[in-house]
Each structure stands twice: as structure tokens, then as C-alpha cells.
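Printed here is start.cif (mmCIF, C-alpha atoms):
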data_structure
#
loop_
_atom_site.group_PDB
_atom_site.id
_atom_site.type_symbol
_atom_site.label_atom_id
_atom_site.label_comp_id
_atom_site.auth_asym_id
_atom_site.auth_seq_id
_atom_site.Cartn_x
_atom_site.Cartn_y
_atom_site.Cartn_z
ATOM 1 C CA MET A 1 5.977 -15.980 -24.598
ATOM 2 C CA THR A 2 3.371 -17.364 -22.255
ATOM 3 C CA ASP A 3 0.360 -15.268 -21.388
ATOM 4 C CA ARG A 4 -1.688 -17.221 -18.894
ATOM 5 C CA PRO A 5 -4.322 -15.561 -16.739
ATOM 6 C CA LEU A 6 -4.293 -17.888 -13.756
ATOM 7 C CA GLU A 7 -2.433 -20.949 -12.558
ATOM 8 C CA ILE A 8 -4.105 -23.435 -10.266
ATOM 9 C CA GLU A 9 -1.271 -24.824 -8.187
ATOM 10 C CA ARG A 10 -0.719 -26.338 -4.772
ATOM 11 C CA LYS A 11 2.614 -26.198 -2.993
ATOM 12 C CA PHE A 12 3.835 -28.511 -0.238
ATOM 13 C CA LEU A 13 6.859 -29.078 1.939
ATOM 14 C CA LEU A 14 8.366 -32.582 1.880
ATOM 15 C CA ARG A 15 8.000 -35.292 4.506
ATOM 16 C CA LYS A 16 10.767 -37.244 2.785
ATOM 17 C CA LEU A 17 12.630 -37.046 -0.517
ATOM 18 C CA PRO A 18 11.381 -39.445 -3.179
ATOM 19 C CA ASP A 19 13.845 -41.419 -5.299
ATOM 20 C CA LEU A 20 15.042 -38.781 -7.786
ATOM 21 C CA GLU A 21 17.687 -40.843 -9.562
ATOM 22 C CA HIS A 22 15.803 -41.097 -12.851
ATOM 23 C CA VAL A 23 13.897 -37.827 -12.631
ATOM 24 C CA PRO A 24 15.097 -35.146 -15.095
ATOM 25 C CA SER A 25 16.346 -31.968 -13.463
ATOM 26 C CA VAL A 26 17.549 -28.499 -14.401
ATOM 27 C CA GLU A 27 19.659 -25.936 -12.572
ATOM 28 C CA ILE A 28 17.770 -22.691 -12.063
ATOM 29 C CA ARG A 29 18.903 -19.323 -10.833
ATOM 30 C CA GLN A 30 16.495 -16.472 -10.637
ATOM 31 C CA GLY A 31 16.580 -12.941 -9.339
ATOM 32 C CA TYR A 32 14.021 -10.210 -8.891
ATOM 33 C CA ILE A 33 14.526 -6.744 -10.373
ATOM 34 C CA THR A 34 11.569 -5.510 -8.339
ATOM 35 C CA ALA A 35 11.124 -5.648 -4.553
ATOM 36 C CA PRO A 36 8.562 -8.006 -2.943
ATOM 37 C CA GLN A 37 6.282 -5.102 -1.948
ATOM 38 C CA ASP A 38 6.202 -3.599 -5.450
ATOM 39 C CA THR A 39 2.952 -3.879 -7.417
ATOM 40 C CA THR A 40 4.660 -5.528 -10.373
ATOM 41 C CA GLU A 41 7.080 -8.448 -10.322
ATOM 42 C CA VAL A 42 9.924 -8.484 -12.848
ATOM 43 C CA ARG A 43 12.024 -11.639 -12.686
ATOM 44 C CA LEU A 44 15.151 -12.830 -14.469
ATOM 45 C CA ARG A 45 15.605 -16.568 -14.739
ATOM 46 C CA GLN A 46 18.295 -18.826 -16.103
ATOM 47 C CA SER A 47 17.044 -22.367 -16.509
ATOM 48 C CA GLY A 48 19.726 -24.629 -17.914
ATOM 49 C CA GLU A 49 20.931 -22.818 -21.043
ATOM 50 C CA GLY A 50 17.778 -20.687 -21.395
ATOM 51 C CA HIS A 51 17.370 -17.103 -20.205
ATOM 52 C CA PHE A 52 14.051 -15.429 -19.533
ATOM 53 C CA LEU A 53 12.516 -12.201 -18.327
ATOM 54 C CA SER A 54 9.023 -12.414 -16.883
ATOM 55 C CA VAL A 55 6.539 -9.822 -15.727
ATOM 56 C CA LYS A 56 3.668 -10.450 -13.348
ATOM 57 C CA GLY A 57 1.203 -7.603 -13.098
ATOM 58 C CA GLY A 58 -2.214 -6.934 -11.686
ATOM 59 C CA ALA A 59 -3.516 -8.103 -8.355
ATOM 60 C CA GLY A 60 -5.991 -10.598 -6.942
ATOM 61 C CA LEU A 61 -7.149 -13.710 -8.720
ATOM 62 C CA VAL A 62 -6.472 -12.681 -12.292
ATOM 63 C CA ARG A 63 -2.838 -11.738 -12.537
ATOM 64 C CA SER A 64 -1.229 -11.513 -15.936
ATOM 65 C CA GLU A 65 2.068 -13.257 -16.534
ATOM 66 C CA ARG A 66 4.290 -12.748 -19.528
ATOM 67 C CA GLU A 67 7.648 -14.355 -20.185
ATOM 68 C CA VAL A 68 10.023 -13.457 -22.989
ATOM 69 C CA THR A 69 13.198 -15.219 -24.025
ATOM 70 C CA ILE A 70 16.275 -13.034 -23.656
ATOM 71 C CA SER A 71 19.844 -13.552 -24.782
ATOM 72 C CA ALA A 72 22.628 -14.634 -22.420
ATOM 73 C CA GLN A 73 24.137 -11.184 -22.933
ATOM 74 C CA GLN A 74 20.935 -9.346 -22.014
ATOM 75 C CA PHE A 75 20.679 -11.579 -18.947
ATOM 76 C CA GLN A 76 24.229 -10.778 -17.865
ATOM 77 C CA LEU A 77 23.687 -7.046 -18.279
ATOM 78 C CA LEU A 78 20.522 -6.991 -16.179
ATOM 79 C CA TRP A 79 21.531 -9.568 -13.553
ATOM 80 C CA PRO A 80 23.358 -7.035 -11.301
ATOM 81 C CA GLU A 81 19.970 -5.328 -10.713
ATOM 82 C CA THR A 82 18.854 -8.409 -8.754
ATOM 83 C CA THR A 83 21.581 -8.215 -6.095
ATOM 84 C CA GLY A 84 20.195 -9.310 -2.735
ATOM 85 C CA ARG A 85 17.071 -10.826 -4.316
ATOM 86 C CA ARG A 86 18.227 -14.135 -5.752
ATOM 87 C CA ILE A 87 17.503 -17.835 -5.517
ATOM 88 C CA GLU A 88 19.320 -20.921 -6.717
ATOM 89 C CA LYS A 89 17.666 -24.281 -6.930
ATOM 90 C CA THR A 90 17.613 -27.574 -8.744
ATOM 91 C CA ARG A 91 14.208 -28.379 -10.163
ATOM 92 C CA TYR A 92 13.145 -31.990 -10.671
ATOM 93 C CA LYS A 93 10.164 -32.539 -12.929
ATOM 94 C CA GLY A 94 8.491 -35.871 -12.317
ATOM 95 C CA GLN A 95 5.166 -37.608 -12.635
ATOM 96 C CA LEU A 96 2.798 -38.816 -9.966
ATOM 97 C CA PRO A 97 1.030 -42.209 -10.331
ATOM 98 C CA ASP A 98 -2.209 -40.405 -11.336
ATOM 99 C CA GLY A 99 -0.419 -38.711 -14.264
ATOM 100 C CA LEU A 100 -0.086 -35.247 -12.742
ATOM 101 C CA THR A 101 3.277 -33.508 -13.052
ATOM 102 C CA TYR A 102 5.174 -32.377 -9.979
ATOM 103 C CA GLU A 103 8.010 -29.860 -9.742
ATOM 104 C CA LEU A 104 10.284 -30.538 -6.804
ATOM 105 C CA ASP A 105 12.676 -27.715 -5.920
ATOM 106 C CA VAL A 106 15.877 -28.365 -3.977
ATOM 107 C CA TYR A 107 17.143 -24.972 -2.857
ATOM 108 C CA ALA A 108 20.822 -24.051 -2.532
ATOM 109 C CA GLY A 109 22.878 -21.332 -0.889
ATOM 110 C CA SER A 110 21.321 -19.796 2.225
ATOM 111 C CA LEU A 111 18.179 -21.848 1.575
ATOM 112 C CA GLU A 112 19.999 -25.176 1.638
ATOM 113 C CA ARG A 113 17.859 -27.942 3.210
ATOM 114 C CA LEU A 114 14.650 -26.322 1.965
ATOM 115 C CA PHE A 115 12.568 -28.459 -0.386
ATOM 116 C CA THR A 116 9.185 -27.708 -1.901
ATOM 117 C CA VAL A 117 6.988 -29.559 -4.365
ATOM 118 C CA GLU A 118 4.337 -28.024 -6.579
ATOM 119 C CA VAL A 119 1.559 -29.607 -8.574
ATOM 120 C CA GLU A 120 -0.410 -27.789 -11.264
ATOM 121 C CA PHE A 121 -4.047 -28.751 -11.860
ATOM 122 C CA PRO A 122 -6.312 -28.373 -14.882
ATOM 123 C CA SER A 123 -9.175 -27.108 -12.701
ATOM 124 C CA GLU A 124 -10.016 -26.013 -9.178
ATOM 125 C CA ALA A 125 -12.100 -29.166 -8.677
ATOM 126 C CA ASN A 126 -9.036 -31.267 -9.523
ATOM 127 C CA ALA A 127 -6.933 -29.292 -7.070
ATOM 128 C CA ASN A 128 -9.400 -29.858 -4.235
ATOM 129 C CA ALA A 129 -9.829 -33.552 -5.022
ATOM 130 C CA PHE A 130 -6.040 -34.135 -5.130
ATOM 131 C CA SER A 131 -5.002 -37.284 -3.315
ATOM 132 C CA VAL A 132 -1.812 -36.139 -1.564
ATOM 133 C CA PRO A 133 1.135 -38.609 -1.854
ATOM 134 C CA ASP A 134 2.559 -39.826 1.469
ATOM 135 C CA TRP A 135 5.983 -38.249 0.822
ATOM 136 C CA PHE A 136 4.398 -34.777 0.639
ATOM 137 C CA GLY A 137 4.523 -32.669 3.823
ATOM 138 C CA LYS A 138 2.683 -29.570 4.997
ATOM 139 C CA ASP A 139 0.477 -27.721 2.470
ATOM 140 C CA VAL A 140 1.987 -24.224 2.132
ATOM 141 C CA THR A 141 -0.024 -23.088 -0.905
ATOM 142 C CA LEU A 142 -1.347 -20.006 0.897
ATOM 143 C CA ASP A 143 1.800 -19.271 2.937
ATOM 144 C CA LYS A 144 3.348 -16.235 1.256
ATOM 145 C CA ARG A 145 6.689 -16.817 2.986
ATOM 146 C CA TYR A 146 7.339 -19.730 0.626
ATOM 147 C CA ARG A 147 6.856 -17.707 -2.530
ATOM 148 C CA ASN A 148 10.127 -17.485 -4.385
ATOM 149 C CA LYS A 149 10.136 -13.689 -4.363
ATOM 150 C CA SER A 150 9.827 -13.829 -0.559
ATOM 151 C CA LEU A 151 12.449 -16.570 -0.179
ATOM 152 C CA ALA A 152 14.818 -14.477 -2.308
ATOM 153 C CA VAL A 153 14.940 -11.746 0.351
ATOM 154 C CA ALA A 154 14.408 -13.852 3.492
ATOM 155 C CA ASP A 155 16.744 -13.084 6.408
ATOM 156 C CA HIS A 156 18.506 -15.680 8.563
ATOM 157 C CA GLU A 157 15.793 -15.877 11.229
ATOM 158 C CA THR A 158 12.998 -16.278 8.689
ATOM 159 C CA ILE A 159 14.886 -19.023 6.893
ATOM 160 C CA LYS A 160 15.444 -20.866 10.175
ATOM 161 C CA ALA A 161 11.707 -20.757 10.855
ATOM 162 C CA LEU A 162 10.903 -21.967 7.346
ATOM 163 C CA LEU A 163 13.297 -24.894 7.568
ATOM 164 C CA ASN A 164 11.528 -26.031 10.727
ATOM 165 C CA GLY A 165 8.224 -26.058 8.830
ATOM 166 C CA MET B 1 24.311 -0.702 -21.993
ATOM 167 C CA THR B 2 24.822 2.432 -19.975
ATOM 168 C CA ASP B 3 25.617 2.196 -16.295
ATOM 169 C CA ARG B 4 25.788 5.709 -14.930
ATOM 170 C CA PRO B 5 25.573 6.421 -11.232
ATOM 171 C CA LEU B 6 24.151 9.936 -11.336
ATOM 172 C CA GLU B 7 22.961 12.436 -13.889
ATOM 173 C CA ILE B 8 23.207 16.151 -13.214
ATOM 174 C CA GLU B 9 20.282 17.616 -15.079
ATOM 175 C CA ARG B 10 17.985 20.603 -14.883
ATOM 176 C CA LYS B 11 14.488 20.610 -16.348
ATOM 177 C CA PHE B 12 12.442 23.648 -17.362
ATOM 178 C CA LEU B 13 9.082 24.481 -18.857
ATOM 179 C CA LEU B 14 9.120 26.699 -21.959
ATOM 180 C CA ARG B 15 8.315 30.407 -22.160
ATOM 181 C CA LYS B 16 8.209 30.117 -25.935
ATOM 182 C CA LEU B 17 9.176 27.505 -28.520
ATOM 183 C CA PRO B 18 12.539 28.144 -30.199
ATOM 184 C CA ASP B 19 12.911 27.709 -33.949
ATOM 185 C CA LEU B 20 13.102 23.919 -34.304
ATOM 186 C CA GLU B 21 13.150 23.707 -38.093
ATOM 187 C CA HIS B 22 16.750 22.517 -38.338
ATOM 188 C CA VAL B 23 16.925 20.668 -35.021
ATOM 189 C CA PRO B 24 17.077 16.865 -35.362
ATOM 190 C CA SER B 25 14.220 15.031 -33.681
ATOM 191 C CA VAL B 26 13.079 11.523 -32.887
ATOM 192 C CA GLU B 27 9.692 10.026 -32.064
ATOM 193 C CA ILE B 28 9.678 8.387 -28.661
ATOM 194 C CA ARG B 29 7.118 6.213 -26.959
ATOM 195 C CA GLN B 30 7.776 4.830 -23.556
ATOM 196 C CA GLY B 31 5.829 2.882 -20.996
ATOM 197 C CA TYR B 32 6.452 1.777 -17.444
ATOM 198 C CA ILE B 33 6.158 -1.866 -16.415
ATOM 199 C CA THR B 34 6.365 -0.802 -12.776
ATOM 200 C CA ALA B 35 4.082 1.635 -10.941
ATOM 201 C CA PRO B 36 5.337 5.087 -9.848
ATOM 202 C CA GLN B 37 5.346 4.105 -6.154
ATOM 203 C CA ASP B 38 7.401 0.935 -6.726
ATOM 204 C CA THR B 39 10.988 0.920 -5.478
ATOM 205 C CA THR B 40 12.368 -0.031 -8.890
ATOM 206 C CA GLU B 41 11.558 1.551 -12.235
ATOM 207 C CA VAL B 42 11.420 -0.687 -15.297
ATOM 208 C CA ARG B 43 10.810 1.223 -18.509
ATOM 209 C CA LEU B 44 10.287 0.213 -22.137
ATOM 210 C CA ARG B 45 11.237 2.775 -24.744
ATOM 211 C CA GLN B 46 11.034 2.930 -28.499
ATOM 212 C CA SER B 47 13.147 5.759 -29.872
ATOM 213 C CA GLY B 48 12.981 5.905 -33.653
ATOM 214 C CA GLU B 49 13.844 2.357 -34.753
ATOM 215 C CA GLY B 50 15.557 1.426 -31.487
ATOM 216 C CA HIS B 51 13.995 -0.507 -28.610
ATOM 217 C CA PHE B 52 15.259 -0.449 -25.049
ATOM 218 C CA LEU B 53 14.535 -1.783 -21.594
ATOM 219 C CA SER B 54 15.923 0.204 -18.703
ATOM 220 C CA VAL B 55 16.046 -0.397 -14.969
ATOM 221 C CA LYS B 56 16.504 2.276 -12.341
ATOM 222 C CA GLY B 57 17.148 0.943 -8.883
ATOM 223 C CA GLY B 58 18.244 2.192 -5.531
ATOM 224 C CA ALA B 59 17.148 5.402 -3.887
ATOM 225 C CA GLY B 60 18.497 8.820 -3.014
ATOM 226 C CA LEU B 61 21.405 10.468 -4.775
ATOM 227 C CA VAL B 62 23.131 7.411 -6.142
ATOM 228 C CA ARG B 63 20.616 5.536 -8.239
ATOM 229 C CA SER B 64 21.837 2.937 -10.677
ATOM 230 C CA GLU B 65 20.555 2.998 -14.231
ATOM 231 C CA ARG B 66 20.998 0.248 -16.755
ATOM 232 C CA GLU B 67 19.675 0.154 -20.271
ATOM 233 C CA VAL B 68 19.769 -2.834 -22.605
ATOM 234 C CA THR B 69 18.869 -2.995 -26.259
ATOM 235 C CA ILE B 70 15.961 -5.313 -26.946
ATOM 236 C CA SER B 71 14.506 -6.581 -30.209
ATOM 237 C CA ALA B 72 11.329 -5.158 -31.754
ATOM 238 C CA GLN B 73 9.706 -8.507 -31.009
ATOM 239 C CA GLN B 74 10.685 -8.470 -27.322
ATOM 240 C CA PHE B 75 9.355 -4.913 -27.144
ATOM 241 C CA GLN B 76 6.006 -5.894 -28.670
ATOM 242 C CA LEU B 77 5.625 -8.829 -26.297
ATOM 243 C CA LEU B 78 6.252 -6.758 -23.175
ATOM 244 C CA TRP B 79 4.496 -3.533 -24.253
ATOM 245 C CA PRO B 80 1.003 -4.683 -23.088
ATOM 246 C CA GLU B 81 2.374 -4.687 -19.505
ATOM 247 C CA THR B 82 2.637 -0.876 -19.679
ATOM 248 C CA THR B 83 -1.075 -0.247 -20.307
ATOM 249 C CA GLY B 84 -2.163 2.955 -18.557
ATOM 250 C CA ARG B 85 1.442 4.047 -17.956
ATOM 251 C CA ARG B 86 2.607 5.411 -21.309
ATOM 252 C CA ILE B 87 3.962 8.577 -22.850
ATOM 253 C CA GLU B 88 4.455 9.718 -26.420
ATOM 254 C CA LYS B 89 6.651 12.620 -27.319
ATOM 255 C CA THR B 90 8.866 14.089 -29.989
ATOM 256 C CA ARG B 91 12.353 14.833 -28.708
ATOM 257 C CA TYR B 92 14.413 17.591 -30.293
ATOM 258 C CA LYS B 93 18.113 17.520 -29.513
ATOM 259 C CA GLY B 94 19.757 20.892 -30.045
ATOM 260 C CA GLN B 95 22.680 22.955 -28.889
ATOM 261 C CA LEU B 96 22.761 26.117 -26.812
ATOM 262 C CA PRO B 97 25.156 28.972 -27.724
ATOM 263 C CA ASP B 98 27.492 27.918 -24.874
ATOM 264 C CA GLY B 99 27.849 24.425 -26.373
ATOM 265 C CA LEU B 100 25.582 22.584 -23.920
ATOM 266 C CA THR B 101 23.068 20.132 -25.367
ATOM 267 C CA TYR B 102 19.369 20.526 -24.692
ATOM 268 C CA GLU B 103 16.599 17.948 -25.088
ATOM 269 C CA LEU B 104 13.243 19.536 -25.804
ATOM 270 C CA ASP B 105 10.238 17.232 -25.439
ATOM 271 C CA VAL B 106 6.955 17.957 -27.203
ATOM 272 C CA TYR B 107 4.377 15.662 -25.619
ATOM 273 C CA ALA B 108 1.454 14.128 -27.481
ATOM 274 C CA GLY B 109 -1.824 12.413 -26.634
ATOM 275 C CA SER B 110 -3.369 13.501 -23.324
ATOM 276 C CA LEU B 111 -0.247 15.576 -22.623
ATOM 277 C CA GLU B 112 -0.564 17.647 -25.790
ATOM 278 C CA ARG B 113 0.552 21.272 -25.240
ATOM 279 C CA LEU B 114 3.091 20.203 -22.623
ATOM 280 C CA PHE B 115 6.712 21.055 -23.424
ATOM 281 C CA THR B 116 9.796 20.542 -21.297
ATOM 282 C CA VAL B 117 13.464 21.147 -21.922
ATOM 283 C CA GLU B 118 16.338 19.419 -20.137
ATOM 284 C CA VAL B 119 20.019 20.248 -19.996
ATOM 285 C CA GLU B 120 22.667 17.835 -18.732
ATOM 286 C CA PHE B 121 25.763 19.254 -17.038
ATOM 287 C CA PRO B 122 29.248 17.821 -16.559
ATOM 288 C CA SER B 123 29.321 18.926 -12.904
ATOM 289 C CA GLU B 124 27.146 20.372 -10.174
ATOM 290 C CA ALA B 125 29.073 23.651 -10.377
ATOM 291 C CA ASN B 126 28.214 23.914 -14.066
ATOM 292 C CA ALA B 127 24.556 23.262 -13.311
ATOM 293 C CA ASN B 128 24.426 26.030 -10.711
ATOM 294 C CA ALA B 129 26.283 28.512 -12.926
ATOM 295 C CA PHE B 130 23.991 27.841 -15.908
ATOM 296 C CA SER B 131 22.927 31.011 -17.682
ATOM 297 C CA VAL B 132 19.276 30.257 -18.469
ATOM 298 C CA PRO B 133 18.210 31.134 -22.057
ATOM 299 C CA ASP B 134 15.316 33.607 -22.330
ATOM 300 C CA TRP B 135 13.050 31.083 -24.043
ATOM 301 C CA PHE B 136 13.231 28.766 -21.003
ATOM 302 C CA GLY B 137 10.364 28.994 -18.497
ATOM 303 C CA LYS B 138 9.899 27.807 -14.930
ATOM 304 C CA ASP B 139 12.581 25.554 -13.413
ATOM 305 C CA VAL B 140 10.823 22.259 -12.574
ATOM 306 C CA THR B 141 13.940 20.188 -11.812
ATOM 307 C CA LEU B 142 12.699 19.277 -8.344
ATOM 308 C CA ASP B 143 8.993 19.002 -9.200
ATOM 309 C CA LYS B 144 8.259 15.290 -9.245
ATOM 310 C CA ARG B 145 4.998 15.802 -11.149
ATOM 311 C CA TYR B 146 7.029 16.458 -14.300
ATOM 312 C CA ARG B 147 8.957 13.211 -14.138
ATOM 313 C CA ASN B 148 7.998 11.035 -17.069
ATOM 314 C CA LYS B 149 6.907 8.169 -14.849
ATOM 315 C CA SER B 150 4.518 10.577 -13.099
ATOM 316 C CA LEU B 151 3.293 12.145 -16.336
ATOM 317 C CA ALA B 152 2.581 8.652 -17.674
ATOM 318 C CA VAL B 153 -0.105 8.081 -15.023
ATOM 319 C CA ALA B 154 -1.338 11.660 -14.524
ATOM 320 C CA ASP B 155 -5.114 12.119 -14.449
ATOM 321 C CA HIS B 156 -7.047 14.857 -16.256
ATOM 322 C CA GLU B 157 -7.022 17.331 -13.346
ATOM 323 C CA THR B 158 -3.300 16.933 -12.746
ATOM 324 C CA ILE B 159 -2.535 17.448 -16.422
ATOM 325 C CA LYS B 160 -4.652 20.615 -16.477
ATOM 326 C CA ALA B 161 -2.671 21.987 -13.539
ATOM 327 C CA LEU B 162 0.638 21.072 -15.179
ATOM 328 C CA LEU B 163 -0.291 22.762 -18.451
ATOM 329 C CA ASN B 164 -0.967 25.968 -16.549
ATOM 330 C CA GLY B 165 2.524 25.815 -15.076
#
The structure in this file should be written as C-alpha cells.
Amino acid sequence: MTDRPLEIERKFLLRKLPDLEHVPSVEIRQGYITAPQDTTEVRLRQSGEGHFLSVKGGAGLVRSEREVTISAQQFQLLWPETTGRRIEKTRYKGQLPDGLTYELDVYAGSLERLFTVEVEFPSEANANAFSVPDWFGKDVTLDKRYRNKSLAVADHETIKALLNG
Amino acid sequence: MTDRPLEIERKFLLRKLPDLEHVPSVEIRQGYITAPQDTTEVRLRQSGEGHFLSVKGGAGLVRSEREVTISAQQFQLLWPETTGRRIEKTRYKGQLPDGLTYELDVYAGSLERLFTVEVEFPSEANANAFSVPDWFGKDVTLDKRYRNKSLAVADHETIKALLNG
């Protein structure tokens, strides 16, 4: 279980894809049991061979997040409750020259051609001082439309707008 | 797992407590990960030595309900997410003279002195034709304030009103 009060992350679109040939990746599918407007977020995720249930509660800056490991069977039983609120993506986890880790998501299905990259920082000062690589595109950190729980329920028109940046 | 589309149940307050000496009972504690106004209900329940996570989705007459068994450890890890939305009760499961099963809940904690009894019917016709025992009180089937997810977040004033019927 992880129980972290606050993540300091920035999220960007991509200007161009970096060379991913030697970057380790994992297939992820995730679905939301709750709706985007609900006060709590309950998410199922399969990442490679691992299965997880996570809960995000609270509001504002300090949101709690808990993740528990579940069995493949528990995952299968609950998965139908996420119908219409799912995402599939391949996540590449690589390193930037300054040592920071990036997570590059290549979306599939109705979100094909959407790519995002996230970087997590040890402090807010680090996040603000981040020297953005030239292959990064628009900063969408504060754009709620790019949150996975929003993407999971996005309609055709919204997706079209998102793909055009 | 159970996956039942619709339960036909009636819920009553009690006029007086029946003799429960030989009626089997179980200690239940349950908490809600979601808030009452959320579109989906995610509930944790410990019933005796068993631990469960259930999801109720959809709206209107046909609501889906799924329940999966979870481990004591999974329960403990997720339980903190139900803070402020919990109920404790002792559930007695007995039989009425006509063979129907009743579930009588004796609430504890801030809901002490609240008692409800529920009967599940095989069909709507059965539910309407039910001959109500004399120890049953007011029919609160349609009163949302008596739903467990409402009781779990009820404030002092609301509880006082509920205890007075």
C-alpha cells in the first residue's frame, strides 16, 4: 500500500516522440468504479501482471491516496463495474539527462494518437525550476481534461479537441 | 460474488423487540468509501470473521450490486478511507411464522436505540401481500434517511428525529 499525501507532478503533451527502443514499458488498463464528478475516486488498474485497487479521497491540496494489491480474480469480478470508464495505455518509464524520471503514456483505443509525459519532483521548487526538454510539448498540468479519469469518459468531440492540443 | 439486479425488500421500525435469545446473530461493521451523494456506492463490510467489498452502481430500479471477498489485511488497509461514514450493528437473522426470513439490526455507537427489521420477498406480489407481524412498527421502506449509507453520515439532530420515528 502507498499512502502519500501529495504528489508534485507536471504533465505535458509531446512535441515529438523520443527514441523509446530501450526504454522499459508496461501495458496498463485501468477503469473507474466511480464517476468523474463523485467526491471519491475508486480505480482498478492492471499493470503488467499486477492488479490494484486505489482510492483517492478528500479535496484540495491534500488528497489521500491508498493503493492495495488485489488478486486477478478480484480484479475480474469488479472490472464490469468500470464499463464506459476505461483507459488502455502503454507506459514507458525513462530517465531525463538530469536524473529525473519521466512516465510517457501512449494511449490506445479511442484515445489512439494521444501521448502525455509526466515528471514527478521532490519539491515544488524543483518543479518550478524544471528545464523542459525540447521534445516536450504543451504543459497541461492544470488542464483537468487530461486527467485519466476525465479521458476515460471523454466523448468523440472532446477527444478530437484534445488530440489537436 | 453476488450479482443480483434487484432486491425486493421492505424495511420497518420496531414496535417492540421480539425474543431474540435463540436467534443467531453476527456483529457487523461497515463503512462507505464513497459519499452518499456519489453516483456509485463502494462499501466495506466486516461481518463476523468475513470481509467484503461491495459496489452498487447504476440508478433507478435496476441497480447492479457486486460483492467480493477481501482479506482481513486488504480490509484494514482500506478502512481508513471510510472515516466519518461508518456503522456498527448486531444483525439477528430469524424466521417469521410464514417462513420468510427477517434481518433485525440493532445499531450501536451514535445510533444506539435504533432498530430496524427487513424482510426480503421472492416477488413484488409477495411483498404487497405481506401480513405484517404485530411487533413491527412503521414501514420505512421508502424513507431514504434509514438507508445505511445515510445513517452512516447522519448528524446528531437527524439521529434524534429518526429515534423518535
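One distance worth recording is that between CA of Leu44 in chain B and CA of Asp155 in chain B, which is 20.9 Å.
Shortest atom-to-atom contact with Arg66 in chain A among A:Val42, A:Leu78, A:Leu142, A:Leu162: A:Val42, counting all atoms listed in the file.
Distance criterion 6 Å to chain A, applied with only C-alpha atoms, yields Thr34, Asp38 and Thr40 of chain B on chain B.
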Keeping only C-alpha atoms, write the selected residues to a file as a PDB file, in the coordinates of the input.
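The resulting file, out.pdb, is reproduced below:
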ATOM      1  CA  THR B  34       6.365  -0.802 -12.776  1.00  0.00           C
ATOM      2  CA  ASP B  38       7.401   0.935  -6.726  1.00  0.00           C
ATOM      3  CA  THR B  40      12.368  -0.031  -8.890  1.00  0.00           C
TER       4      THR B  40
END
Residues selected by the PyMOL selection byres ((chain B and resi 103-106) around 6), written as a PyMOL selection string: chain B and resi 89-93+102+107+115-118
Of the residues B:Ile87, B:Leu14, B:Ala129, B:Leu151, which is the one nearest to Gln30 in chain B, using only C-alpha atoms?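 Of B:Ile87, B:Leu14, B:Ala129, B:Leu151, the one nearest Gln30 in chain B is B:Ile87, counting only C-alpha atoms.
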10 Å contact set for Glu124 in chain A, all atoms listed in the file, chain neighbours under 6 positions out, as a PyMOL selection string: chain A and resi 7-9+130
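Note that CA of Gly137 in chain B and CA of Glu21 in chain B are 20.5 Å apart.
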Go ahead and compute the interatomic distance for CA of Lys149 in chain B and CA of Glu27 in chain B, in Å to one decimal.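 These atoms are spaced 17.5 Å apart.
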So, counting only C-alpha atoms, which residue among B:Asn164, B:Gly31, B:Glu112, B:Asp98 is closest to Ser131 in chain B?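 Smallest distance to Ser131 in chain B is found for B:Asp98.
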Show me the residues around (22.3, 27.3, -27.5) - criterion: an atom at most 12 Å away, all atoms listed in the file counted - as a list in words.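 I get Pro18, Asp19, Leu20, Val23, Lys93, Gly94, Gln95, Leu96, Pro97, Asp98, Gly99, Leu100, Thr101, Tyr102, Glu103, Val119, Phe130, Ser131, Val132, Pro133, Asp134, Trp135 and Phe136 of chain B for the residues within 12 Å of that point.
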Return as AutoDock Vina command-line options the centre and edge lengths, in Å with one decimal, of the box along x, y and z that encloses every atom of range 52-57 of chain A in the file, padded by 4 Å per side.
--center_x 7.6 --center_y -11.5 --center_z -16.3 --size_x 20.8 --size_y 15.8 --size_z 14.4
Nearest to Pro122 in chain B among B:Ile28, B:Asp143, B:Arg10, B:His156, with distances taken over all atoms listed in the file: which residue is it? B:Arg10
